[in-house]
$ cat entry27.cif   # mmCIF, C-alpha atoms and all ligand atoms
data_target
loop_
_atom_site.label_atom_id
_atom_site.label_comp_id
_atom_site.auth_asym_id
_atom_site.auth_seq_id
_atom_site.Cartn_x
_atom_site.Cartn_y
_atom_site.Cartn_z
CA MET A 1 0.00 0.00 0.00
CA SER A 2 1.51 3.35 -0.99
CA ILE A 3 1.08 6.44 1.12
CA LEU A 4 1.50 9.82 -0.49
CA PHE A 5 1.31 13.27 1.01
CA ILE A 6 0.99 16.47 -0.99
CA LYS A 7 1.78 19.55 1.08
CA ASN A 8 1.45 23.32 0.57
CA ALA A 9 -0.95 23.04 -2.38
CA ASP A 10 -3.66 25.52 -3.25
CA ILE A 11 -6.62 23.20 -3.85
CA LEU A 12 -9.61 23.56 -6.14
CA THR A 13 -11.70 20.80 -4.60
CA LEU A 14 -14.70 21.15 -6.97
CA ASP A 15 -16.75 19.68 -4.13
CA ALA A 16 -20.39 20.55 -3.45
CA ALA A 17 -19.35 23.80 -1.74
CA ASP A 18 -16.68 24.59 -4.37
CA ARG A 19 -14.15 24.96 -1.57
CA VAL A 20 -10.77 26.45 -2.37
CA LEU A 21 -8.10 25.54 0.20
CA VAL A 22 -4.92 27.58 0.48
CA ARG A 23 -1.52 26.04 1.27
CA SER A 24 -3.12 22.79 2.33
CA GLY A 25 -2.38 19.08 2.30
CA ILE A 26 -3.83 16.04 0.59
CA ALA A 27 -3.15 12.64 2.13
CA ILE A 28 -3.48 9.62 -0.14
CA GLN A 29 -3.49 6.05 1.01
CA ASP A 30 -3.51 3.33 -1.60
CA LYS A 31 -6.06 4.57 -4.20
CA GLN A 32 -8.03 7.09 -2.18
CA ILE A 33 -7.87 10.50 -0.60
CA VAL A 34 -7.92 9.93 3.17
CA ALA A 35 -7.51 13.54 4.34
CA ILE A 36 -7.61 16.99 2.78
CA GLY A 37 -6.86 20.37 4.30
CA GLU A 38 -6.09 19.33 7.86
CA THR A 39 -3.87 16.25 7.85
CA PRO A 40 -3.74 13.78 10.75
CA PRO A 41 -0.59 14.62 12.77
CA ASP A 42 0.47 10.97 12.86
CA PHE A 43 0.29 10.57 9.07
CA VAL A 44 3.56 9.12 7.77
CA ALA A 45 4.05 9.04 4.00
CA ASP A 46 6.29 7.04 1.66
CA GLU A 47 6.53 10.05 -0.64
CA ILE A 48 6.00 13.74 0.11
CA ILE A 49 5.38 16.17 -2.74
CA ASP A 50 6.00 19.80 -1.88
CA ALA A 51 3.36 21.57 -3.97
CA THR A 52 4.34 25.14 -3.06
CA ASN A 53 3.14 27.44 -5.88
CA HIS A 54 1.09 24.60 -7.38
CA VAL A 55 -2.67 24.33 -7.68
CA ALA A 56 -4.18 20.88 -7.16
CA LEU A 57 -7.41 19.93 -8.88
CA PRO A 58 -9.18 16.79 -10.13
CA GLY A 59 -7.60 15.31 -13.27
CA PHE A 60 -9.29 15.77 -16.64
CA PHE A 61 -11.63 13.28 -18.33
CA ASN A 62 -11.49 13.28 -22.14
CA ALA A 63 -15.00 12.04 -22.94
CA HIS A 64 -14.63 11.50 -26.69
CA THR A 65 -11.50 10.63 -28.58
CA HIS A 66 -9.97 8.19 -31.03
CA ALA A 67 -6.59 7.96 -29.35
CA ALA A 68 -4.68 6.09 -32.04
CA MET A 69 -5.59 8.78 -34.58
CA THR A 70 -2.51 10.60 -33.31
CA LEU A 71 -0.85 8.70 -36.20
CA LEU A 72 -2.99 10.77 -38.60
CA ARG A 73 -2.19 14.12 -36.96
CA GLY A 74 -1.81 16.73 -39.69
CA SER A 75 -2.64 14.33 -42.52
CA ALA A 76 -6.04 15.76 -43.51
CA GLU A 77 -5.90 19.51 -43.18
CA ASP A 78 -8.19 22.38 -44.11
CA LEU A 79 -11.06 20.21 -45.32
CA PRO A 80 -14.82 20.25 -44.59
CA LEU A 81 -16.28 17.22 -42.78
CA ASP A 82 -17.27 15.22 -45.92
CA ARG A 83 -13.89 15.66 -47.65
CA TRP A 84 -12.03 15.18 -44.34
CA PHE A 85 -13.67 11.73 -44.08
CA ASN A 86 -13.59 10.67 -47.73
CA GLU A 87 -10.28 12.10 -48.96
CA GLY A 88 -8.46 11.95 -45.64
CA ILE A 89 -9.37 9.67 -42.76
CA TRP A 90 -11.11 6.74 -44.40
CA ARG A 91 -8.50 6.62 -47.13
CA THR A 92 -5.55 6.60 -44.70
CA GLU A 93 -7.19 4.17 -42.29
CA SER A 94 -7.29 1.58 -45.08
CA ALA A 95 -3.62 1.05 -44.19
CA LEU A 96 -4.19 0.81 -40.42
CA ARG A 97 -2.77 -2.36 -38.86
CA GLU A 98 -3.58 -3.83 -35.50
CA GLU A 99 -0.21 -2.98 -33.94
CA ASP A 100 -0.56 0.66 -35.09
CA VAL A 101 -3.41 1.06 -32.62
CA TYR A 102 -1.10 0.21 -29.74
CA TRP A 103 1.59 2.71 -30.73
CA GLY A 104 -0.82 5.49 -31.72
CA THR A 105 -2.64 5.12 -28.41
CA ALA A 106 0.64 5.03 -26.47
CA LEU A 107 1.58 8.33 -28.11
CA ALA A 108 -1.82 9.71 -27.15
CA ALA A 109 -1.34 8.52 -23.57
CA CYS A 110 2.00 10.38 -23.31
CA GLU A 111 0.34 13.53 -24.59
CA MET A 112 -2.75 13.21 -22.42
CA ILE A 113 -0.86 12.54 -19.19
CA ARG A 114 1.46 15.45 -19.91
CA SER A 115 -1.52 17.80 -20.20
CA GLY A 116 -3.38 16.53 -17.13
CA THR A 117 -5.84 14.06 -18.64
CA ILE A 118 -6.24 11.04 -16.39
CA ALA A 119 -8.98 9.19 -18.28
CA PHE A 120 -10.24 8.95 -21.85
CA ALA A 121 -13.33 7.58 -23.58
CA ASP A 122 -11.95 5.90 -26.67
CA HIS A 123 -13.83 4.85 -29.78
CA TYR A 124 -11.68 2.98 -32.26
CA PHE A 125 -10.59 -0.38 -33.65
CA TRP A 126 -8.62 -3.35 -32.24
CA MET A 127 -9.56 -2.07 -28.81
CA HIS A 128 -7.64 -4.72 -26.89
CA GLN A 129 -4.49 -2.89 -28.08
CA THR A 130 -5.84 0.27 -26.48
CA ALA A 131 -6.53 -1.72 -23.31
CA ARG A 132 -2.85 -2.74 -23.26
CA VAL A 133 -1.85 0.92 -23.17
CA VAL A 134 -4.31 1.65 -20.38
CA GLN A 135 -2.95 -1.25 -18.35
CA GLU A 136 0.65 -0.12 -18.85
CA SER A 137 0.18 3.64 -18.51
CA GLY A 138 -1.86 3.66 -15.28
CA MET A 139 -4.58 5.83 -16.85
CA LYS A 140 -8.31 5.15 -16.66
CA ALA A 141 -10.41 4.63 -19.78
CA LEU A 142 -13.82 3.83 -21.15
CA LEU A 143 -13.24 1.69 -24.22
CA ALA A 144 -15.72 1.20 -27.06
CA TRP A 145 -14.77 -0.92 -30.07
CA CYS A 146 -16.08 0.86 -33.17
CA VAL A 147 -18.39 -1.09 -35.48
CA PHE A 148 -19.58 0.54 -38.72
CA GLY A 149 -22.41 -1.97 -39.05
CA SER A 150 -23.09 -1.38 -42.73
CA ASP A 151 -21.03 -3.98 -44.54
CA PHE A 152 -18.79 -6.62 -42.97
CA ALA A 153 -16.12 -6.25 -45.69
CA ALA A 154 -15.82 -2.53 -44.90
CA GLU A 155 -15.13 -2.99 -41.19
CA MET A 156 -11.64 -2.25 -39.88
CA GLY A 157 -10.21 -5.65 -39.05
CA PRO A 158 -12.35 -8.70 -38.38
CA THR A 159 -14.91 -6.66 -36.48
CA THR A 160 -18.32 -8.01 -35.61
CA LEU A 161 -20.78 -7.16 -32.89
CA GLU A 162 -20.02 -10.57 -31.33
CA LEU A 163 -16.32 -9.80 -31.16
CA THR A 164 -16.87 -6.38 -29.62
CA SER A 165 -19.32 -7.74 -27.07
CA ASP A 166 -16.74 -10.41 -26.13
CA PHE A 167 -14.34 -7.51 -25.58
CA VAL A 168 -16.85 -5.85 -23.23
CA ALA A 169 -17.34 -9.04 -21.25
CA GLU A 170 -13.60 -9.62 -20.95
CA PHE A 171 -12.42 -6.11 -20.14
CA GLN A 172 -15.24 -4.53 -18.12
CA ASN A 173 -13.75 -3.38 -14.78
CA SER A 174 -10.33 -4.83 -15.65
CA ALA A 175 -6.95 -3.29 -14.72
CA GLY A 176 -8.11 -2.96 -11.13
CA GLY A 177 -11.27 -1.15 -12.23
CA ARG A 178 -9.39 1.37 -14.39
CA ILE A 179 -10.93 0.02 -17.61
CA ARG A 180 -14.65 0.34 -18.27
CA THR A 181 -16.35 -0.50 -21.54
CA MET A 182 -19.24 0.39 -23.82
CA LEU A 183 -20.33 -0.79 -27.25
CA GLY A 184 -19.23 1.46 -30.11
CA PRO A 185 -21.67 1.59 -33.03
CA HIS A 186 -20.12 4.34 -35.18
CA SER A 187 -23.17 6.49 -35.94
CA PRO A 188 -26.74 6.45 -37.27
CA TYR A 189 -25.49 7.64 -40.69
CA ILE A 190 -23.10 4.70 -41.24
CA GLY A 191 -24.82 1.82 -39.42
CA ASN A 192 -27.97 0.24 -40.84
CA THR A 193 -31.12 -0.07 -38.75
CA LYS A 194 -30.63 -3.75 -37.99
CA SER A 195 -27.03 -3.34 -36.85
CA LEU A 196 -28.01 -0.50 -34.52
CA GLN A 197 -30.93 -2.48 -33.13
CA ASP A 198 -28.65 -5.47 -32.55
CA ALA A 199 -26.12 -3.24 -30.76
CA ALA A 200 -28.88 -1.85 -28.53
CA ASN A 201 -30.06 -5.36 -27.64
CA VAL A 202 -26.55 -6.56 -26.79
CA ALA A 203 -25.82 -3.39 -24.77
CA ARG A 204 -28.96 -4.00 -22.70
CA LYS A 205 -27.99 -7.61 -22.17
CA LEU A 206 -24.43 -6.72 -21.09
CA GLY A 207 -25.61 -3.77 -18.99
CA VAL A 208 -23.33 -1.27 -20.75
CA GLY A 209 -24.04 1.87 -22.75
CA CYS A 210 -23.19 2.84 -26.32
CA HIS A 211 -20.66 5.48 -27.32
CA ILE A 212 -21.85 6.88 -30.65
CA HIS A 213 -21.49 9.91 -32.96
CA VAL A 214 -24.74 11.89 -33.19
CA SER A 215 -25.96 14.89 -35.24
CA GLU A 216 -22.67 16.39 -36.36
CA SER A 217 -24.10 18.20 -39.40
CA GLN A 218 -27.38 19.60 -40.70
CA GLY A 219 -26.99 17.20 -43.64
CA GLN A 220 -27.07 14.20 -41.28
CA VAL A 221 -30.26 15.53 -39.69
CA ASP A 222 -31.91 16.24 -43.07
CA ASN A 223 -31.05 12.74 -44.33
CA SER A 224 -32.45 11.21 -41.15
CA TYR A 225 -35.81 12.99 -41.65
CA LYS A 226 -35.82 11.92 -45.31
CA GLN A 227 -35.03 8.27 -44.54
CA PHE A 228 -36.76 7.71 -41.22
CA GLY A 229 -39.07 10.69 -40.72
CA LYS A 230 -37.34 11.69 -37.48
CA SER A 231 -34.18 13.23 -36.05
CA PRO A 232 -31.05 11.11 -35.46
CA VAL A 233 -31.61 11.32 -31.68
CA ALA A 234 -35.25 10.18 -31.98
CA TYR A 235 -34.23 7.43 -34.42
CA LEU A 236 -31.53 6.05 -32.10
CA ASN A 237 -33.86 6.32 -29.13
CA ASP A 238 -36.59 4.34 -30.92
CA LEU A 239 -34.02 1.64 -31.73
CA GLY A 240 -33.15 1.36 -28.01
CA ILE A 241 -29.59 2.71 -28.28
CA PHE A 242 -30.18 5.02 -25.32
CA ASP A 243 -31.83 2.42 -23.07
CA THR A 244 -28.56 2.16 -21.12
CA PRO A 245 -26.57 5.30 -20.05
CA SER A 246 -24.65 6.22 -23.20
CA ILE A 247 -22.39 8.89 -24.66
CA ALA A 248 -23.56 10.95 -27.63
CA ALA A 249 -20.51 12.55 -29.20
CA HIS A 250 -21.01 16.06 -30.65
CA ALA A 251 -24.86 16.29 -30.60
CA ILE A 252 -24.65 19.68 -32.29
CA TYR A 253 -27.84 19.81 -34.35
CA VAL A 254 -30.39 18.86 -31.71
CA ASN A 255 -33.87 20.30 -31.19
CA ASP A 256 -35.76 20.68 -27.92
CA ASP A 257 -37.42 17.25 -28.30
CA ASP A 258 -33.98 15.68 -28.79
CA ILE A 259 -32.70 17.41 -25.64
CA ARG A 260 -35.68 16.04 -23.71
CA ILE A 261 -34.84 12.51 -24.89
CA LEU A 262 -31.17 12.91 -23.94
CA ARG A 263 -32.21 14.11 -20.48
CA GLU A 264 -34.82 11.38 -19.92
CA LYS A 265 -32.49 8.62 -21.10
CA ASN A 266 -29.56 9.89 -19.03
CA VAL A 267 -27.37 10.26 -22.13
CA SER A 268 -24.17 12.24 -21.63
CA VAL A 269 -23.13 14.57 -24.42
CA ALA A 270 -19.43 14.88 -25.27
CA ALA A 271 -18.82 18.28 -26.85
CA CYS A 272 -15.64 18.66 -28.92
CA PRO A 273 -15.39 22.39 -29.63
CA LYS A 274 -11.96 22.38 -31.23
CA THR A 275 -12.97 19.86 -33.89
CA HIS A 276 -16.16 21.85 -34.45
CA LEU A 277 -14.14 25.00 -35.09
CA LYS A 278 -11.54 23.32 -37.29
CA LEU A 279 -14.05 21.54 -39.55
CA ALA A 280 -16.27 24.65 -39.68
CA MET A 281 -19.20 22.96 -37.97
CA GLN A 282 -21.65 24.61 -35.57
CA THR A 283 -20.95 23.96 -31.90
CA THR A 284 -22.76 21.94 -29.24
CA ARG A 285 -25.34 24.00 -27.28
CA ILE A 286 -23.64 23.25 -23.97
CA VAL A 287 -25.56 25.79 -21.89
CA ASP A 288 -28.99 24.80 -23.25
CA LEU A 289 -28.22 21.12 -22.68
CA MET A 290 -27.01 21.77 -19.14
CA ASN A 291 -30.01 23.97 -18.32
CA ALA A 292 -32.22 21.08 -19.44
CA GLY A 293 -30.38 18.76 -17.04
CA VAL A 294 -28.21 16.88 -19.56
CA ASN A 295 -24.74 15.84 -18.36
CA VAL A 296 -22.30 17.58 -20.72
CA ALA A 297 -18.65 16.51 -20.81
CA LEU A 298 -15.78 17.53 -23.07
CA GLY A 299 -13.71 15.65 -25.61
CA THR A 300 -10.73 16.39 -27.80
CA ASP A 301 -11.99 14.07 -30.56
CA GLY A 302 -9.12 12.46 -32.48
CA ALA A 303 -5.86 14.27 -33.17
CA ALA A 304 -6.69 14.19 -36.90
CA SER A 305 -9.23 16.97 -36.33
CA ASN A 306 -7.89 18.81 -33.29
CA ASN A 307 -4.75 18.42 -33.72
CA ASP A 308 -3.71 17.73 -30.14
CA LEU A 309 -5.19 16.10 -27.07
CA ASP A 310 -4.94 19.00 -24.62
CA LEU A 311 -8.18 19.11 -22.66
CA LEU A 312 -7.19 22.41 -21.06
CA GLU A 313 -7.43 24.02 -24.46
CA VAL A 314 -10.75 22.29 -25.19
CA MET A 315 -12.13 23.54 -21.87
CA ARG A 316 -11.09 27.09 -22.67
CA LEU A 317 -12.63 26.93 -26.14
CA ALA A 318 -15.85 25.50 -24.70
CA ALA A 319 -16.17 28.42 -22.29
CA LEU A 320 -15.23 31.05 -24.87
CA LEU A 321 -17.49 29.67 -27.58
CA GLN A 322 -20.52 29.46 -25.30
CA LYS A 323 -19.98 33.07 -24.25
CA HIS A 324 -19.59 34.11 -27.88
CA ASP A 325 -22.46 32.07 -29.30
CA THR A 326 -24.98 33.05 -26.62
CA GLY A 327 -23.84 36.69 -26.51
CA ASP A 328 -23.72 36.30 -22.74
CA ALA A 329 -20.33 36.67 -21.01
CA THR A 330 -21.74 35.29 -17.76
CA VAL A 331 -22.31 31.73 -19.02
CA LEU A 332 -19.89 28.90 -18.22
CA PRO A 333 -17.93 30.61 -15.44
CA SER A 334 -14.57 29.01 -14.72
CA VAL A 335 -15.60 26.62 -11.93
CA GLN A 336 -18.40 25.27 -14.11
CA ALA A 337 -16.03 24.86 -17.07
CA LEU A 338 -13.68 22.90 -14.79
CA LYS A 339 -16.55 20.62 -13.79
CA LEU A 340 -17.32 19.84 -17.45
CA ALA A 341 -13.73 18.66 -17.89
CA THR A 342 -13.59 16.70 -14.63
CA GLN A 343 -16.66 15.40 -12.80
CA HIS A 344 -19.06 15.56 -15.76
CA GLY A 345 -16.59 13.46 -17.74
CA ALA A 346 -16.19 11.07 -14.82
CA ARG A 347 -19.98 10.65 -14.67
CA ALA A 348 -20.24 10.13 -18.45
CA MET A 349 -17.59 7.43 -18.27
CA GLY A 350 -18.94 5.71 -15.16
CA PHE A 351 -16.06 6.61 -12.81
CA ASN A 352 -18.45 7.79 -10.16
CA ASN A 353 -15.91 8.15 -7.35
CA SER A 354 -13.70 10.57 -9.27
CA GLY A 355 -13.79 14.20 -10.46
CA VAL A 356 -13.72 15.80 -7.00
CA LEU A 357 -11.07 16.21 -4.30
CA GLN A 358 -12.61 15.09 -1.02
CA VAL A 359 -12.12 12.37 1.56
CA GLY A 360 -13.07 8.98 0.14
CA ALA A 361 -12.73 10.00 -3.52
CA ASP A 362 -10.31 8.27 -5.86
CA ALA A 363 -6.91 9.95 -5.78
CA ASP A 364 -7.12 11.22 -9.39
CA LEU A 365 -5.56 14.66 -9.50
CA VAL A 366 -3.13 17.00 -11.17
CA LEU A 367 -0.76 19.67 -9.90
CA ILE A 368 -0.28 22.72 -12.10
CA ASN A 369 2.82 24.82 -11.58
CA MET A 370 1.63 28.40 -11.09
CA ASP A 371 5.07 29.90 -10.55
CA LYS A 372 5.01 31.52 -13.98
CA PRO A 373 4.32 34.99 -15.43
CA HIS A 374 1.03 34.01 -17.09
CA PHE A 375 -0.43 32.97 -13.71
CA THR A 376 0.64 36.13 -11.88
CA PRO A 377 -1.11 37.52 -9.88
CA ARG A 378 -3.37 34.76 -8.58
CA HIS A 379 -6.68 36.56 -8.01
CA ASN A 380 -8.78 33.63 -9.14
CA LEU A 381 -7.29 30.13 -9.33
CA ALA A 382 -10.12 28.64 -11.37
CA ALA A 383 -9.85 31.42 -13.96
CA ASN A 384 -6.09 30.95 -14.05
CA VAL A 385 -6.55 27.28 -14.89
CA VAL A 386 -9.37 27.72 -17.43
CA HIS A 387 -8.19 30.85 -19.20
CA SER A 388 -4.40 30.97 -18.70
CA ALA A 389 -3.09 27.43 -18.30
CA ARG A 390 -1.59 25.28 -21.04
CA GLY A 391 -0.94 21.57 -20.99
CA SER A 392 2.77 22.02 -20.41
CA ASP A 393 2.07 23.75 -17.07
CA VAL A 394 0.97 20.39 -15.61
CA ASN A 395 3.78 19.14 -13.39
CA TYR A 396 2.29 16.11 -11.58
CA VAL A 397 -0.44 13.64 -12.52
CA ILE A 398 -1.74 11.10 -10.02
CA VAL A 399 -4.24 8.33 -10.85
CA ASN A 400 -5.55 5.97 -8.18
CA GLY A 401 -2.71 7.20 -5.97
CA GLN A 402 -0.03 6.31 -8.54
CA VAL A 403 2.19 9.14 -9.79
CA LEU A 404 2.16 9.01 -13.63
CA LEU A 405 3.92 12.36 -14.13
CA ARG A 406 6.51 13.50 -11.60
CA GLN A 407 8.08 16.95 -12.05
CA GLY A 408 7.21 16.83 -15.74
CA GLU A 409 8.61 13.32 -16.31
CA LEU A 410 6.45 10.37 -17.36
CA THR A 411 6.92 7.45 -14.99
CA THR A 412 5.14 4.60 -16.78
CA LEU A 413 5.75 5.07 -20.52
CA ASP A 414 8.91 5.05 -22.66
CA GLU A 415 8.19 8.30 -24.46
CA GLU A 416 11.30 8.32 -26.70
CA LYS A 417 10.60 4.87 -28.08
CA ILE A 418 6.88 5.58 -28.49
CA MET A 419 7.53 8.78 -30.45
CA ARG A 420 9.98 7.00 -32.79
CA GLU A 421 7.57 4.12 -33.48
CA ALA A 422 4.59 6.45 -33.94
CA GLU A 423 6.50 8.67 -36.36
CA ARG A 424 7.48 5.69 -38.52
CA ARG A 425 4.03 4.08 -38.46
CA GLY A 426 2.19 7.35 -39.13
CA LEU A 427 4.27 8.02 -42.25
CA GLU A 428 3.87 4.42 -43.46
CA MET A 429 0.11 4.60 -43.03
CA VAL A 430 -0.31 7.74 -45.10
CA GLN A 431 2.00 6.37 -47.82
CA GLY A 432 0.37 2.94 -47.81
CA ALA A 433 -3.24 4.14 -48.02
CA ARG A 434 -5.13 2.19 -50.66
CA GLY A 435 -8.66 3.60 -50.78
CA GLN A 436 -11.68 4.50 -48.74
CA THR A 437 -13.06 2.14 -46.11
CA GLN A 438 -16.36 4.04 -46.00
CA THR A 439 -18.19 6.76 -47.90
CA TYR A 440 -19.58 9.76 -46.03
CA LYS A 441 -22.68 11.40 -47.52
CA GLY A 442 -23.76 13.69 -44.67
ZN ZN B 501 -15.30 11.15 -33.11
#

$ encode --input "entry27.cif" --output "structure tokens"
Amino acid sequence: MSILFIKNADILTLDAADRVLVRSGIAIQDKQIVAIGETPPDFVADEIIDATNHVALPGFFNAHTHAAMTLLRGSAEDLPLDRWFNEGIWRTESALREEDVYWGTALAACEMIRSGTIAFADHYFWMHQTARVVQESGMKALLAWCVFGSDFAAEMGPTTLELTSDFVAEFQNSAGGRIRTMLGPHSPYIGNTKSLQDAANVARKLGVGCHIHVSESQGQVDNSYKQFGKSPVAYLNDLGIFDTPSIAAHAIYVNDDDIRILREKNVSVAACPKTHLKLAMQTTRIVDLMNAGVNVALGTDGAASNNDLDLLEVMRLAALLQKHDTGDATVLPSVQALKLATQHGARAMGFNNSGVLQVGADADLVLINMDKPHFTPRHNLAANVVHSARGSDVNYVIVNGQVLLRQGELTTLDEEKIMREAERRGLEMVQGARGQTQTYKG
């Protein structure tokens, strides 16, 4: 059992009272926080971290990404969504090999830990390779194996619903509870009705949710009305996809009836504002969804449309865009923006004992070094984190009491080797691309 003591930290607890503690301690025993603020005088630690000039806060939850797409970073630039898919992603992914998923995800893990992300909701292929990275890195993750569900020959690898449900059964709550799972039907616009219905039935049987792309463009919504006479959200709901607590990625073009369904079915929305800006999409109506009682979390999406995995930047963009789009500078104040990136993500991903710094919570936290010009003076710690911090300011990352980043150094991953392998494999993939795996007609 490891015992860790963090001293002299300024702490954004994000607890029910939004307490901010100044020059305080956090005592961690094994996986949990056992004291905060006042520390028991007899507490003896194996490791003491002096967090003078650091702010401690819950670690970030990236609620929608395709981690291994780091290999495609910068390969499909300055394109609208349809051309980004057809001329970029689905062409390059024709050369994706199973082992690439491991190295691309390992690269993503290095980047995410460095910028304070402690958990990610992944949606990709050959998901047991992603699970390997989660096991080795010490991160937490919600893994969903993507199934297109339109044509077996067009799937990436030998993917069937049976195979992905076997993955769920095998990996749910594995790695000491750090891995959770969902099913991963790609979207209503790729999957056919039967495949989506089948996924919903299996999800119900396994007691897991679905992680799925929803309503990313007006074209998708128009096609849904043409084909099915209803919105994508209503269509998925009628097929039973939302019968278990699920994640709807993007959910940009939703009407009030859709929002009611999302609320009633306890669906979390993962907003990805940087992708929305880069592909010239509209943005998720975060404030409207939250006012209606929907749990809204934040995602980076894949690095092919972001082009990094820095959730601090995503959080800042989410706050700025909501202020801009609503014409109301008072919406999404900093503490609320922090909650989107932490406890809302934890809830979306089923890590219900994380996302807050209090006694009994999982010891999932980050320390940001504030001893820098862009954090001076420190009038408002939450605003400093949301509007001034960058990923490289994160100095320590702790997950389940294990230090994954210590004074800016990764402790669990061989970053040099991972970067070399990822560079080689990324270049080979783009050069070896044969043709499209899918056709997007949104
Ligand atoms: Zn996505």

$ residues_near_ligand --input "entry27.cif" --ligand "ligand ZN 501 (chain B)" --cutoff "7 Å" --atoms "all atoms listed in the file" --output "PyMOL selection string"
chain A and resi 64-66+213+249+301-302

$ atom_distance --input "entry27.cif" --atom1 "CA of Met315 (chain A)" --atom2 "CA of His379 (chain A)"
19.8 Å

$ residues_around --input "entry27.cif" --residues "Pro158 (chain A)" --least-positions-apart "2" --cutoff "12 Å" --atoms "only C-alpha atoms" --output "ChimeraX atom specification"
/A:97-98,125-127,145-148,151-156,160-164

$ atom_distance --input "entry27.cif" --atom1 "CA of Ala67 (chain A)" --atom2 "CA of Gly104 (chain A)"
6.7 Å

$ atom_distance --input "entry27.cif" --atom1 "CA of Gln336 (chain A)" --atom2 "CA of Asp15 (chain A)"
11.6 Å
